[in-house]
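Take a look at the structure below.
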Amino acid sequence: MLKLDRPPYSAEDTFAACISRVRLPALKAKLTGATQAISDASDAYVAAAEAQALDQIARDPLVNGTVTTAEMEAVYTGRMAKQSSPGRAIYDDIFAAAKGRCPLCAHRTVTTLDHHLPKAHYPALAVVPVNLVPACSDCNKAKLASVPHAPEDVSIHPYFDDVADERWLYADVVEVAPASVRFRVETSAAWDPLLAERVKRHFRGLKLSSLYGSEAAEELLNIRHLLIGLQASGVDHVRAYLEEHAESCLAGRLNGWRGAAYEAWAESDWFCNGGFAAVG
């Protein structure tokens with residue numbers, strides 16, 4: 001889970017850009033009339049997100065009492081997400097801010113923008129920049145149109161929740177052939193209980209343990225031959241190699257799966273004494 005800066009675009013300016021080419025007078029007037037309601041919804045969203053209370057945002061199928069959910073979804077899909085649409089430049093800037101890496105899983109490649117609160121249930125937030133988060137397709141699908149019913153249901157928000165500076169991701173070696181790694185969350189004592197629970201649910205909901213475990217298995221496959229060679233010089237050489245890589249990886253990304261995996265491997269006597277060599 002990675003922290004991102006909030007998009008430098010207001011909801012009002014974004015919505016105005018998106019509807020700038022609407023030609024039907026009646027539709028243009030109806031959408032324009034919803035501008036203040038969308039701006040107000042954005043302000044309420046920011047206040048709730050900062051208070052870890054996005055579950056309290058009310059759902060309303062109409063914006064300003066007149067604009068339907070379908071009409072707002074069409075503004076997003078046809079006037080913001082669509083190539084060459086009037087809002088596409090803003091979409092692209094938000095997309096690019098992640099620098100290619102999904103902030104929700106901190107691993108896969110960004111392919112889309114995810115509505116943190118789904119547009120199907122919160123149409124006033126359909127093109128609100130702070131509700132649009134760069135994401136990979138897997139994380140986007142895992143979230144689907146889920147609606148939070150309690151504060152702990154709200155998944156970690158890259159614009160408002162900073163969980164990158166405190167260690168929370170750890171791993172344990174599973175003594176099987178071939179060796180595997182099980183990842184777990186151990187929340188920081190510096191966090192309040194609500195944030196800690198939200199991190200745990202985010203981790204479970206996006207199935208990050210399975211994702212990271214699969215990547216660790218591939219990593220072990222790539223270094224197994226090297227470790228077998230080091231073992232010829234003694235178990236201390238194996239452990240030293242793993243410890244060095246753990247330190248380097250954790251320095252680069254405190255909660256990256258590589259750092260947690262190498263640390264777990266280095267701390268396991270079974271693994272360092274040849275458990276890595278078993279292929280099943």
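Please note that chains go A, B, ... in the order of the structure tokens, that every chain numbers its residues from 1, and that ligands are numbered from 1 in the order shown.
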
- Task: With a distance cut-off of 6 Å and only C-alpha atoms, select the neighbouring residues of region 160-168 of chain A, excluding the residue or stretch itself and same-chain residues fewer than 6 positions from it, and output the selection as a ChimeraX atom specification.
- Result: /A:3,185-187

- Item | Which of region 17-166 of chain A fall in strand (DSSP E), as a ChimeraX atom specification | /A:62-63,67-68,112-115,132-135

- Task: Please provide as a ChimeraX atom specification all residues within 6 Å of Pro134 (chain A), with the sequence filter that same-chain residues fewer than 2 positions apart are discarded (counting only C-alpha atoms).
- Result: /A:95,112-113

- Message: Using only C-alpha atoms, which protein or nucleic acid residues come within 6 Å of region 117-125 of chain A? Drop anything in the same chain fewer than 5 positions from it, and give the result as a PyMOL selection string.
- Response: chain A and resi 38+59+63+69+72+145

- Message: Using only C-alpha atoms, which protein or nucleic acid residues come within 9 Å of Leu227 (chain A)? Drop anything in the same chain fewer than 5 positions from it, and give the result as a VMD selection string.
- Response: chain A and resid 232 237 to 238 241 272 274 276 to 277

Would you save the residues of that selection, restricted to N, CA, C and O atoms, as a compact mmCIF listing (two decimals), in the first residue's frame?
# COMPACT_ATOMS: atom_id res chain seq x y z
N ALA A 232 27.48 -24.88 0.16
CA ALA A 232 28.73 -25.66 0.13
C ALA A 232 29.79 -25.04 1.03
O ALA A 232 30.69 -25.73 1.51
N HIS A 237 27.02 -18.68 5.29
CA HIS A 237 27.08 -17.95 4.02
C HIS A 237 25.67 -17.77 3.44
O HIS A 237 25.35 -16.73 2.87
N VAL A 238 24.85 -18.80 3.59
CA VAL A 238 23.47 -18.71 3.13
C VAL A 238 22.74 -17.62 3.90
O VAL A 238 22.08 -16.74 3.31
N TYR A 241 23.86 -14.01 3.06
CA TYR A 241 23.32 -13.55 1.78
C TYR A 241 21.86 -13.10 1.94
O TYR A 241 21.47 -12.04 1.46
N CYS A 272 17.65 -22.07 6.07
CA CYS A 272 19.08 -21.84 5.84
C CYS A 272 19.89 -23.13 5.84
O CYS A 272 20.95 -23.22 5.21
N GLY A 274 19.09 -25.84 4.42
CA GLY A 274 18.80 -26.64 3.22
C GLY A 274 17.35 -26.78 2.88
O GLY A 274 17.01 -27.40 1.86
N PHE A 276 15.54 -24.69 1.60
CA PHE A 276 15.32 -24.03 0.32
C PHE A 276 15.52 -24.97 -0.86
O PHE A 276 15.03 -24.72 -1.97
N ALA A 277 16.28 -26.05 -0.66
CA ALA A 277 16.68 -26.91 -1.77
C ALA A 277 15.60 -27.90 -2.18
O ALA A 277 15.58 -28.40 -3.30

- Looking at A:Val279, A:Ala142, A:Ala70, A:Ala53, which one is nearest to Val176 (chain A), with distances taken over only C-alpha atoms? A:Val279

- Separation of CA of Ser39 (chain A) from CA of Ser10 (chain A), in Å and rounded to one decimal: 7.9 Å

- Would you mind telling me which residue in A:Leu132, A:Leu31, A:Ala264, A:Ile228 lies nearest to Leu62 (chain A) when using only C-alpha atoms? A:Leu31
